[in-house]
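entry20.cif (mmCIF, C-alpha atoms)
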```
data_data
loop_
_atom_site.label_atom_id
_atom_site.label_comp_id
_atom_site.auth_asym_id
_atom_site.auth_seq_id
_atom_site.Cartn_x
_atom_site.Cartn_y
_atom_site.Cartn_z
CA MET A 1 -119.24 63.05 -65.96
CA GLU A 2 -116.57 65.49 -66.98
CA CYS A 3 -113.23 64.20 -68.26
CA LYS A 4 -111.41 65.98 -65.44
CA GLN A 5 -113.39 64.10 -62.84
CA ALA A 6 -112.85 60.86 -64.75
CA VAL A 7 -109.07 61.34 -64.59
CA SER A 8 -109.27 61.82 -60.85
CA LEU A 9 -111.25 58.57 -60.59
CA MET A 10 -108.64 56.82 -62.76
CA HIS A 11 -105.98 57.70 -60.22
CA ASP A 12 -108.16 56.48 -57.36
CA TYR A 13 -108.64 53.27 -59.28
CA LEU A 14 -104.88 52.82 -59.63
CA ASP A 15 -104.51 53.52 -55.91
CA GLY A 16 -106.93 50.70 -55.31
CA ASP A 17 -109.50 52.77 -53.48
CA LEU A 18 -112.34 53.28 -55.90
CA LEU A 19 -115.81 52.46 -54.59
CA SER A 20 -117.83 50.11 -56.79
CA GLU A 21 -120.39 52.82 -57.48
CA GLN A 22 -117.65 55.18 -58.70
CA ALA A 23 -116.10 52.35 -60.69
CA ASN A 24 -119.36 51.93 -62.58
CA GLU A 25 -119.53 55.66 -63.28
CA LEU A 26 -115.97 55.64 -64.58
CA LYS A 27 -116.65 52.59 -66.71
CA SER A 28 -119.65 54.17 -68.44
CA HIS A 29 -117.66 57.35 -69.02
CA LEU A 30 -114.76 55.43 -70.56
CA GLU A 31 -117.15 53.61 -72.86
CA ALA A 32 -118.46 56.91 -74.09
CA CYS A 33 -115.17 58.89 -74.26
CA PRO A 34 -112.33 57.60 -76.50
CA ASP A 35 -109.87 60.26 -75.24
CA CYS A 36 -110.31 59.16 -71.65
CA ARG A 37 -110.05 55.54 -72.72
CA ALA A 38 -106.65 56.24 -74.25
CA ALA A 39 -105.60 58.30 -71.25
CA PHE A 40 -106.63 55.49 -68.94
CA ARG A 41 -104.63 52.92 -70.89
CA ARG A 42 -101.53 55.11 -70.82
CA LEU A 43 -101.91 55.69 -67.11
CA GLU A 44 -102.16 51.98 -66.51
CA GLU A 45 -99.05 51.42 -68.61
CA THR A 46 -97.22 54.13 -66.71
CA GLU A 47 -98.19 52.52 -63.43
CA MET A 48 -96.93 49.14 -64.62
CA MET A 49 -93.70 50.56 -65.93
CA LEU A 50 -93.13 52.52 -62.76
CA PHE A 51 -93.30 49.36 -60.73
CA ALA A 52 -91.34 47.38 -63.30
CA ALA A 53 -88.59 49.96 -63.73
CA ASN A 54 -87.81 49.96 -60.07
CA ARG A 55 -87.98 46.24 -59.44
CA LYS A 56 -85.14 44.45 -57.77
CA SER A 57 -83.36 43.90 -61.09
CA GLU A 58 -81.71 47.11 -59.98
CA SER A 59 -78.03 46.55 -60.66
CA VAL A 60 -76.71 49.06 -58.18
CA ALA A 61 -76.11 47.33 -54.92
CA VAL A 62 -74.81 48.53 -51.62
CA SER A 63 -71.16 47.64 -50.92
CA GLU A 64 -70.72 44.11 -49.67
CA ASP A 65 -68.84 45.19 -46.59
CA MET A 66 -71.55 47.66 -45.59
CA THR A 67 -72.70 45.68 -42.55
CA ASP A 68 -69.13 45.35 -41.25
CA ARG A 69 -68.48 48.99 -41.91
CA ILE A 70 -71.57 50.06 -39.98
CA MET A 71 -70.83 47.72 -37.10
CA SER A 72 -67.31 49.15 -36.80
CA PHE A 73 -68.69 52.69 -36.78
CA LEU A 74 -71.07 52.09 -33.91
CA PRO A 75 -70.23 53.62 -30.58
CA GLN A 76 -69.50 51.08 -27.85
CA PRO A 77 -72.68 49.68 -26.35
CA LYS A 78 -73.75 51.45 -23.23
CA LYS A 79 -73.00 48.98 -20.49
CA HIS A 80 -74.94 49.45 -17.34
CA SER A 81 -73.27 48.11 -14.22
CA PRO A 82 -75.29 45.44 -12.39
CA ALA A 83 -75.75 47.85 -9.50
CA TRP A 84 -77.22 50.47 -11.80
CA SER A 85 -79.65 48.05 -13.40
CA TRP A 86 -80.67 46.89 -9.92
CA VAL A 87 -81.39 50.50 -9.05
CA ARG A 88 -83.47 50.86 -12.22
CA ARG A 89 -85.45 47.73 -11.40
CA HIS A 90 -86.12 48.59 -7.77
CA PRO A 91 -86.84 52.31 -7.50
CA ALA A 92 -88.76 52.04 -4.21
CA LEU A 93 -86.06 50.06 -2.44
CA THR A 94 -83.47 52.47 -3.80
CA ALA A 95 -85.38 55.42 -2.40
CA ALA A 96 -85.64 53.72 0.99
CA ALA A 97 -81.93 52.88 0.96
CA ALA A 98 -81.07 56.45 -0.01
CA PHE A 99 -83.23 57.76 2.84
CA ILE A 100 -81.52 55.53 5.39
CA LEU A 101 -78.11 56.48 4.03
CA ILE A 102 -78.87 60.18 4.29
CA MET A 103 -80.18 59.73 7.84
CA LEU A 104 -77.08 57.79 8.84
CA GLY A 105 -74.95 60.36 7.10
CA THR A 106 -76.41 63.28 9.01
CA SER A 107 -76.25 61.38 12.31
CA ILE A 108 -72.62 60.49 11.76
CA GLY A 109 -72.08 64.09 10.78
CA PHE A 110 -73.39 65.19 14.15
CA TRP A 111 -71.27 62.57 15.81
CA ASN A 112 -68.16 63.93 14.16
CA ALA A 113 -69.14 67.50 14.78
CA ASP A 114 -69.06 67.32 18.57
CA THR A 115 -65.65 67.28 20.16
CA GLN A 116 -66.37 68.67 23.59
CA LEU A 117 -67.02 66.80 26.76
CA VAL A 118 -70.67 66.51 27.56
CA VAL A 119 -72.08 65.43 30.89
CA ARG A 120 -75.76 64.79 31.29
CA GLY A 121 -77.71 63.76 34.31
CA SER A 122 -80.41 64.85 36.73
CA ASP A 123 -78.04 65.29 39.65
CA LEU A 124 -74.81 66.83 38.41
CA ASN A 125 -74.02 68.93 41.52
CA ARG A 126 -72.24 66.07 43.13
CA VAL A 127 -70.14 65.28 40.12
CA GLN A 128 -66.65 66.71 39.75
CA VAL A 129 -65.18 67.58 36.38
CA GLU A 130 -61.43 67.76 35.97
CA GLY A 131 -60.36 68.48 32.43
CA ASN A 132 -61.69 65.64 30.40
CA THR A 133 -62.47 63.46 33.37
CA VAL A 134 -65.75 63.21 35.19
CA ILE A 135 -65.50 61.94 38.72
CA VAL A 136 -68.15 60.63 41.06
CA PRO A 137 -66.25 60.97 44.36
CA GLU A 138 -66.30 58.31 47.03
CA GLY A 139 -69.18 58.63 49.39
CA THR A 140 -71.37 60.73 47.08
CA ILE A 141 -74.65 59.46 45.74
CA VAL A 142 -75.79 60.61 42.30
CA SER A 143 -79.49 60.17 41.91
CA GLY A 144 -80.77 59.29 38.47
CA ASP A 145 -78.89 58.53 35.28
CA LEU A 146 -75.47 59.79 34.30
CA THR A 147 -74.23 60.18 30.76
CA VAL A 148 -70.76 61.20 29.66
CA GLU A 149 -69.82 61.90 26.08
CA ARG A 150 -66.21 62.05 24.93
CA GLY A 151 -64.65 61.84 28.29
CA GLU A 152 -63.41 59.59 31.04
CA LEU A 153 -65.72 58.63 33.84
CA LYS A 154 -64.36 57.51 37.16
CA ILE A 155 -66.84 56.23 39.63
CA TYR A 156 -65.87 55.94 43.28
CA GLY A 157 -69.30 56.58 44.76
CA ASP A 158 -72.86 55.51 43.98
CA VAL A 159 -75.02 56.12 40.96
CA GLU A 160 -78.68 55.34 41.42
CA GLY A 161 -79.44 54.95 37.77
CA ASN A 162 -77.96 53.96 34.44
CA VAL A 163 -74.47 55.00 33.42
CA THR A 164 -73.72 55.62 29.77
CA VAL A 165 -70.33 56.46 28.35
CA ILE A 166 -70.11 57.48 24.72
CA ASP A 167 -66.76 57.57 23.00
CA GLY A 168 -64.92 57.45 26.23
CA SER A 169 -64.09 55.08 29.01
CA ALA A 170 -65.63 54.21 32.32
CA TYR A 171 -63.72 53.21 35.40
CA GLN A 172 -65.44 51.76 38.40
CA ALA A 173 -63.50 51.63 41.65
CA SER A 174 -64.11 48.83 44.13
CA THR A 175 -66.12 51.28 46.22
CA ALA A 176 -68.36 52.20 43.29
CA HIS A 177 -71.96 51.15 43.06
CA VAL A 178 -74.20 51.57 40.04
CA ALA A 179 -77.83 50.67 40.53
CA GLY A 180 -78.72 50.54 36.82
CA GLN A 181 -76.82 49.40 33.73
CA VAL A 182 -73.42 50.58 32.62
CA LYS A 183 -73.29 51.12 28.89
CA ASP A 184 -70.16 51.88 26.96
CA ILE A 185 -70.88 53.14 23.48
CA ASN A 186 -67.91 53.63 21.19
CA GLN A 187 -69.11 53.12 17.71
CA ALA A 188 -71.04 55.45 15.51
CA PHE A 189 -73.62 52.81 14.83
CA ASP A 190 -74.42 52.25 18.49
CA TRP A 191 -74.41 55.95 18.99
CA VAL A 192 -76.99 56.37 16.27
CA TRP A 193 -79.25 53.88 17.98
CA TYR A 194 -78.75 55.63 21.22
CA LYS A 195 -79.57 58.96 19.57
CA LEU A 196 -82.59 57.53 17.82
CA SER A 197 -84.00 55.95 20.95
CA ASN A 198 -83.43 59.26 22.73
CA ILE A 199 -85.39 61.06 20.04
CA VAL A 200 -88.12 58.46 20.25
CA SER A 201 -88.39 58.73 24.01
CA GLU A 202 -88.24 62.52 23.88
CA VAL A 203 -91.08 62.51 21.40
CA ALA A 204 -92.93 59.95 23.45
CA TYR A 205 -92.68 61.99 26.65
CA ARG A 206 -93.73 65.26 25.10
CA MET B 1 -96.04 37.64 -30.37
CA ASP B 2 -93.19 39.91 -31.27
CA ASN B 3 -92.17 40.12 -34.88
CA LEU B 4 -88.58 39.59 -35.95
CA GLU B 5 -87.59 43.26 -35.84
CA THR B 6 -89.02 43.85 -32.38
CA ARG B 7 -87.14 40.82 -31.05
CA LEU B 8 -83.91 41.96 -32.68
CA VAL B 9 -84.35 45.45 -31.23
CA LYS B 10 -84.81 43.97 -27.75
CA LEU B 11 -81.66 41.88 -28.12
CA ALA B 12 -79.68 44.80 -29.50
CA LEU B 13 -80.80 46.94 -26.56
CA LYS B 14 -79.34 44.31 -24.25
CA GLY B 15 -76.01 44.83 -26.01
CA ASP B 16 -76.22 41.98 -28.53
CA GLN B 17 -74.16 43.29 -31.44
CA ARG B 18 -75.09 40.38 -33.70
CA ALA B 19 -78.77 41.24 -33.35
CA PHE B 20 -78.05 44.75 -34.56
CA ALA B 21 -75.98 43.40 -37.46
CA GLU B 22 -79.05 41.36 -38.35
CA ILE B 23 -81.16 44.51 -38.46
CA VAL B 24 -78.54 46.11 -40.72
CA ASP B 25 -78.64 43.12 -43.05
CA LEU B 26 -82.42 43.24 -43.21
CA TYR B 27 -82.65 46.88 -44.20
CA LYS B 28 -79.37 48.05 -45.73
CA ASP B 29 -80.42 47.28 -49.33
CA ARG B 30 -83.80 48.93 -49.02
CA ILE B 31 -82.35 52.06 -47.45
CA PHE B 32 -79.56 52.12 -50.00
CA HIS B 33 -81.95 51.91 -52.96
CA LEU B 34 -84.14 54.56 -51.45
CA ALA B 35 -81.20 56.90 -50.95
CA TYR B 36 -79.66 56.03 -54.30
CA ARG B 37 -82.89 56.87 -56.14
CA MET B 38 -83.25 60.07 -54.15
CA LEU B 39 -79.68 61.25 -54.65
CA SER B 40 -78.52 59.48 -57.84
CA ASN B 41 -75.14 59.14 -56.27
CA ARG B 42 -73.71 55.96 -54.95
CA HIS B 43 -71.29 57.51 -52.53
CA GLU B 44 -73.87 59.80 -50.97
CA ALA B 45 -76.37 56.95 -50.80
CA GLU B 46 -73.91 54.83 -48.83
CA ASP B 47 -73.31 57.74 -46.48
CA VAL B 48 -77.05 57.94 -45.90
CA VAL B 49 -77.18 54.20 -45.18
CA GLN B 50 -74.43 54.52 -42.58
CA GLU B 51 -75.97 57.55 -40.96
CA THR B 52 -79.39 55.93 -40.89
CA PHE B 53 -78.12 52.91 -38.98
CA LEU B 54 -76.08 55.05 -36.65
CA ARG B 55 -79.24 56.99 -35.76
CA VAL B 56 -81.24 53.80 -35.41
CA TYR B 57 -78.59 52.49 -33.03
CA ARG B 58 -78.47 55.63 -30.94
CA ASN B 59 -82.25 55.88 -30.66
CA LEU B 60 -83.00 52.21 -30.32
CA ASP B 61 -84.40 52.73 -26.82
CA ARG B 62 -86.86 55.24 -28.23
CA TYR B 63 -88.28 52.86 -30.79
CA ASP B 64 -91.98 52.33 -30.13
CA PRO B 65 -92.85 48.66 -30.78
CA GLY B 66 -96.42 49.78 -31.52
CA GLN B 67 -95.08 51.24 -34.74
CA LYS B 68 -93.79 49.18 -37.66
CA PHE B 69 -90.01 49.05 -37.58
CA SER B 70 -89.86 49.59 -41.35
CA THR B 71 -91.86 52.81 -41.02
CA TRP B 72 -89.46 54.07 -38.40
CA ILE B 73 -86.29 53.28 -40.35
CA TYR B 74 -87.75 54.57 -43.61
CA ARG B 75 -88.58 57.83 -41.90
CA ILE B 76 -84.97 58.22 -40.77
CA GLY B 77 -83.56 57.27 -44.18
CA THR B 78 -86.02 59.47 -46.07
CA ASN B 79 -85.37 62.50 -43.89
CA LEU B 80 -81.60 62.12 -44.25
CA SER B 81 -81.94 61.86 -48.03
CA ILE B 82 -84.24 64.89 -48.24
CA ASP B 83 -81.81 66.88 -46.09
CA ARG B 84 -79.01 66.09 -48.50
CA LEU B 85 -81.14 66.99 -51.51
CA ARG B 86 -81.98 70.34 -49.98
CA LYS B 87 -78.37 71.11 -49.18
CA ARG B 88 -77.42 70.71 -52.80
CA LYS B 89 -76.79 73.68 -54.99
CA PRO B 90 -80.03 75.28 -56.15
CA THR B 91 -78.78 75.07 -59.74
CA TYR B 92 -79.53 71.36 -59.65
CA SER B 93 -82.41 70.79 -62.03
CA LEU B 94 -83.84 68.40 -64.52
CA ASP B 95 -81.44 69.68 -67.17
CA ALA B 96 -78.39 69.29 -65.00
CA GLU B 97 -76.19 66.40 -65.86
CA ILE B 98 -76.91 63.48 -63.62
CA GLY B 99 -73.62 62.33 -62.26
CA ASP B 100 -73.97 58.71 -61.40
CA GLN B 101 -76.38 57.04 -63.75
CA ASP B 102 -77.14 53.37 -64.06
CA GLY B 103 -74.85 52.90 -67.04
CA ALA B 104 -71.92 54.09 -65.03
CA ASP B 105 -72.55 51.34 -62.52
CA GLY B 106 -72.31 48.68 -65.17
CA TYR B 107 -76.04 48.24 -65.29
CA ALA B 108 -76.18 48.27 -69.10
CA LEU B 109 -73.37 45.74 -69.32
CA ILE B 110 -75.13 42.98 -67.43
CA PRO B 111 -77.57 41.10 -69.64
CA GLY B 112 -80.73 39.69 -68.09
CA ASP B 113 -81.82 36.08 -68.52
CA ASN B 114 -83.38 35.12 -71.85
CA ARG B 115 -83.50 38.66 -73.08
CA THR B 116 -82.61 39.74 -76.55
CA PRO B 117 -80.42 42.81 -76.82
CA GLU B 118 -83.41 44.66 -78.31
CA THR B 119 -85.79 44.05 -75.41
CA GLU B 120 -82.94 44.66 -73.04
CA TYR B 121 -82.36 47.98 -74.71
CA MET B 122 -86.03 48.92 -74.64
CA ILE B 123 -86.39 48.03 -71.00
CA SER B 124 -83.29 49.96 -70.09
CA GLU B 125 -84.49 52.90 -72.21
CA THR B 126 -87.81 53.02 -70.40
CA ARG B 127 -86.14 52.54 -67.10
CA THR B 128 -83.70 55.34 -67.76
CA THR B 129 -86.55 57.61 -68.80
CA ILE B 130 -88.45 56.83 -65.64
CA HIS B 131 -85.42 57.24 -63.41
CA GLU B 132 -84.50 60.50 -65.05
CA ALA B 133 -88.05 61.74 -64.77
CA ILE B 134 -88.19 60.85 -61.07
CA ASP B 135 -84.79 62.45 -60.57
CA GLY B 136 -86.11 65.67 -62.04
CA LEU B 137 -89.09 65.87 -59.71
CA PRO B 138 -89.09 68.33 -56.82
CA PRO B 139 -88.09 66.52 -53.59
CA LYS B 140 -91.61 66.29 -52.18
CA TYR B 141 -92.89 64.42 -55.24
CA LYS B 142 -89.70 62.49 -55.69
CA THR B 143 -89.83 61.10 -52.16
CA VAL B 144 -93.42 59.94 -52.51
CA MET B 145 -92.81 58.34 -55.92
CA ILE B 146 -89.74 56.48 -54.72
CA LEU B 147 -91.46 55.18 -51.59
CA ARG B 148 -94.47 54.13 -53.64
CA TYR B 149 -92.81 52.53 -56.66
CA LEU B 150 -89.32 51.59 -55.60
CA GLN B 151 -90.02 50.57 -52.04
CA GLU B 152 -93.60 49.57 -52.84
CA LEU B 153 -94.99 51.04 -49.65
CA SER B 154 -98.74 51.49 -49.37
CA LEU B 155 -100.18 55.00 -49.36
CA GLN B 156 -100.93 54.59 -45.65
CA GLU B 157 -97.34 53.55 -44.92
CA ILE B 158 -95.98 56.52 -46.88
CA SER B 159 -98.27 58.77 -44.88
CA ASP B 160 -96.85 57.24 -41.66
CA VAL B 161 -93.24 57.58 -42.85
CA LEU B 162 -93.60 61.20 -43.92
CA ASP B 163 -96.03 62.06 -41.14
CA MET B 164 -98.48 63.62 -43.61
CA PRO B 165 -102.16 62.97 -44.27
CA VAL B 166 -102.96 60.20 -46.77
CA THR B 167 -104.85 62.70 -48.93
CA THR B 168 -101.65 64.71 -49.40
CA ILE B 169 -99.76 61.56 -50.37
CA LYS B 170 -102.49 60.66 -52.86
CA THR B 171 -102.38 64.06 -54.50
CA ARG B 172 -98.62 63.76 -54.90
CA VAL B 173 -98.82 60.26 -56.33
CA HIS B 174 -101.47 61.42 -58.81
CA ARG B 175 -99.40 64.36 -59.96
CA GLY B 176 -96.25 62.30 -60.14
CA ARG B 177 -98.06 59.68 -62.18
CA GLU B 178 -99.37 62.29 -64.62
CA PHE B 179 -95.92 63.75 -64.95
CA LEU B 180 -94.42 60.32 -65.68
CA ARG B 181 -97.18 59.54 -68.17
CA LYS B 182 -96.35 62.67 -70.16
CA LYS B 183 -92.65 61.88 -70.03
CA LEU B 184 -93.21 58.37 -71.39
CA GLU B 185 -95.53 59.67 -74.09
CA SER B 186 -93.01 62.17 -75.31
CA GLN B 187 -90.43 59.39 -75.44
CA GLN B 188 -92.67 57.22 -77.55
CA HIS B 189 -93.43 59.93 -80.11
#
```

Full structure transcribed into structure tokens:
Amino acid sequence: MECKQAVSLMHDYLDGDLLSEQANELKSHLEACPDCRAAFRRLEETEMMLFAANRKSESVAVSEDMTDRIMSFLPQPKKHSPAWSWVRRHPALTAAAAFILIMLGTSIGFWNADTQLVVRGSDLNRVQVEGNTVIVPEGTIVSGDLTVERGELKIYGDVEGNVTVIDGSAYQASTAHVAGQVKDINQAFDWVWYKLSNIVSEVAYR
Amino acid sequence: MDNLETRLVKLALKGDQRAFAEIVDLYKDRIFHLAYRMLSNRHEAEDVVQETFLRVYRNLDRYDPGQKFSTWIYRIGTNLSIDRLRKRKPTYSLDAEIGDQDGADGYALIPGDNRTPETEYMISETRTTIHEAIDGLPPKYKTVMILRYLQELSLQEISDVLDMPVTTIKTRVHRGREFLRKKLESQQH
């Protein structure tokens, strides 16, 4: 074995990862080579002194108030509101809630967007419109349903179906006769349901 | 089972300031000694300690519990120290006067237990030689030697801290050791 290789093995030995076979090779080389023996001893001493010199007897210590100093330097802890942590814990529910909110939002948007009187029905010829008022005159018969949005409905005659008033008012004279139901929808929420069930039935009948 | 550090990190993440103070107490000395050996300057070393914990605090949520906490914090402290070393004037060398040596910190004035002044002197001589020799090493050797002999990290841990292959760490330890051996020999003659 060459001395150069022996030195490399000495370092591996000090690192604690010398295989037993290599250890034997190194040992026989050291027995034969006084220079390497001396070099090995000095390396071992160096290793010991390196560890010893840096041991905890180190007199330099960090300032006693270091912990306090660091703690005072820290930025304020990020505080998540309970709502936010709920959102983080329930992503699926949050997505569903967001979807419903957006749907409601757009529906309400539509609801706010319309300001004009709307009259719907299958038999509108017999219905009179005066300004914002829809009149079913006495003696006339309106076949089918009648829907009025944002207006007043005055019924003196007959309606052979359901009557729906959205965001308005319905007046039924003593002579009036409505075969179906009279529904008065004033709130956005009801309106949304009405709209939704309309969409559903439209889809269903297509 | 979580170890102490992982538990403290979890508590600190929930906003428990005392848990973080506990982490600081556990590591402030080690990081300080690391930085002090790297920079040979008490003031700068304390700056590094503060910055290390500030970074730990800010990145607490990115700490991977699969990794040893010590490895993580050593990496931060080591990198901050190396950055400071590199920013120093290039004229800094082995011959340059070392500003803040042990003696200046009162080290030589405090006698150890049961030690004669002679042994005390010899130990402090050797220690000074070793510290000066490590101080004079280029940063890449210096870092490895300090982590190995001051912090007593294993070669594998040093490789994790510095994110370098173990073989590279070994080569540096070997060269550093040879360098120190020659330094000590020249002192003895």

Written as a tab-separated table (two decimals) with C-alpha atoms, keeping the file's coordinate frame, what is the full residue list that the PyMOL selection byres ((chain A and resi 48) around 12) yields on the file shown?
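The resulting file, selection_10.tsv, is shown below:
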```
chain	number	residue	atom	x	y	z
A	14	LEU	CA	-104.88	52.82	-59.63
A	41	ARG	CA	-104.63	52.92	-70.89
A	42	ARG	CA	-101.53	55.11	-70.82
A	43	LEU	CA	-101.91	55.69	-67.11
A	44	GLU	CA	-102.16	51.98	-66.51
A	45	GLU	CA	-99.05	51.42	-68.61
A	46	THR	CA	-97.22	54.13	-66.71
A	47	GLU	CA	-98.19	52.52	-63.43
A	49	MET	CA	-93.70	50.56	-65.93
A	50	LEU	CA	-93.13	52.52	-62.76
A	51	PHE	CA	-93.30	49.36	-60.73
A	52	ALA	CA	-91.34	47.38	-63.30
A	53	ALA	CA	-88.59	49.96	-63.73
A	54	ASN	CA	-87.81	49.96	-60.07
A	55	ARG	CA	-87.98	46.24	-59.44
B	126	THR	CA	-87.81	53.02	-70.40
B	127	ARG	CA	-86.14	52.54	-67.10
B	130	ILE	CA	-88.45	56.83	-65.64
B	149	TYR	CA	-92.81	52.53	-56.66
B	177	ARG	CA	-98.06	59.68	-62.18
B	180	LEU	CA	-94.42	60.32	-65.68
B	181	ARG	CA	-97.18	59.54	-68.17
```

Ground truth for the PyMOL selection byres ((chain A) within 12 of (chain B)), written as a ChimeraX atom specification = /A:7-17,38-80,85

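Non-sequential neighbours of Ile82 in chain B (distance at most 9 Å, separation of 3 or more positions within a chain, all atoms listed in the file) are B:Ala35, B:Met38, B:Leu39, B:Gly77, B:Thr78, B:Asn79, B:Leu85, B:Arg86, B:Lys87, B:Pro139, B:Lys140, B:Thr143.
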
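With all atoms listed in the file as the basis for measurement, A:Thr164 is the residue among A:Gln172, A:Thr133, A:Asn125, A:Thr164 that approaches Thr147 in chain A most closely.
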
Residue nearest Asn3 in chain B among B:Asn59, B:Gly66, B:Asp135, B:Leu80 (counting only C-alpha atoms) = B:Gly66

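Picture a line from CA of Ile155 in chain A to CA of Tyr194 in chain A; it runs 21.9 Å.
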
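The result of the PyMOL selection byres ((chain A and resi 121) around 10) on the shown file is Val119, Arg120, Ser122, Asp123, Leu124, Asn125, Val127, Val142, Ser143, Gly144, Asp145, Leu146, Thr147, Val148, Gly161, Asn162 and Val163 of chain A.
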
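Minimum distance to Tyr74 in chain B across B:Asp61, B:Glu44, B:Leu147, B:Val9 (counting all atoms listed in the file) occurs at B:Leu147.
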
Save range 168-180 of chain A to a file: N, CA, C and O atoms, as a compact mmCIF listing (two decimals), in the first residue's frame.
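Generated file (part_9.txt):
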```
# COMPACT_ATOMS: atom_id res chain seq x y z
N GLY A 168 -96.28 43.19 -6.94
CA GLY A 168 -97.38 44.10 -7.24
C GLY A 168 -98.54 43.78 -6.30
O GLY A 168 -98.35 43.22 -5.23
N SER A 169 -99.71 44.14 -6.70
CA SER A 169 -100.85 43.83 -5.84
C SER A 169 -102.00 43.30 -6.69
O SER A 169 -102.12 43.60 -7.87
N ALA A 170 -102.81 42.51 -6.05
CA ALA A 170 -103.95 41.94 -6.76
C ALA A 170 -105.23 42.37 -6.05
O ALA A 170 -105.30 42.36 -4.83
N TYR A 171 -106.18 42.80 -6.84
CA TYR A 171 -107.47 43.18 -6.27
C TYR A 171 -108.53 42.32 -6.92
O TYR A 171 -108.58 42.19 -8.15
N GLN A 172 -109.35 41.72 -6.10
CA GLN A 172 -110.44 40.92 -6.65
C GLN A 172 -111.77 41.54 -6.24
O GLN A 172 -112.07 41.65 -5.06
N ALA A 173 -112.52 41.96 -7.25
CA ALA A 173 -113.85 42.52 -6.96
C ALA A 173 -114.80 41.38 -6.55
O ALA A 173 -114.46 40.22 -6.71
N SER A 174 -115.96 41.78 -6.04
CA SER A 174 -116.92 40.76 -5.59
C SER A 174 -117.42 39.90 -6.76
O SER A 174 -117.82 38.76 -6.58
N THR A 175 -117.35 40.52 -7.96
CA THR A 175 -117.81 39.79 -9.15
C THR A 175 -116.76 38.83 -9.69
O THR A 175 -117.02 38.04 -10.57
N ALA A 176 -115.52 38.98 -9.19
CA ALA A 176 -114.40 38.21 -9.74
C ALA A 176 -114.51 36.74 -9.38
O ALA A 176 -115.06 36.37 -8.35
N HIS A 177 -113.94 35.93 -10.32
CA HIS A 177 -113.89 34.50 -10.04
C HIS A 177 -112.61 33.92 -10.61
O HIS A 177 -112.34 34.03 -11.80
N VAL A 178 -111.81 33.34 -9.72
CA VAL A 178 -110.56 32.73 -10.18
C VAL A 178 -110.66 31.24 -9.91
O VAL A 178 -110.88 30.81 -8.78
N ALA A 179 -110.52 30.47 -10.99
CA ALA A 179 -110.67 29.02 -10.86
C ALA A 179 -109.50 28.40 -10.10
O ALA A 179 -109.66 27.53 -9.27
N GLY A 180 -108.28 28.89 -10.42
CA GLY A 180 -107.08 28.30 -9.79
C GLY A 180 -106.67 29.06 -8.54
O GLY A 180 -107.50 29.67 -7.87
```
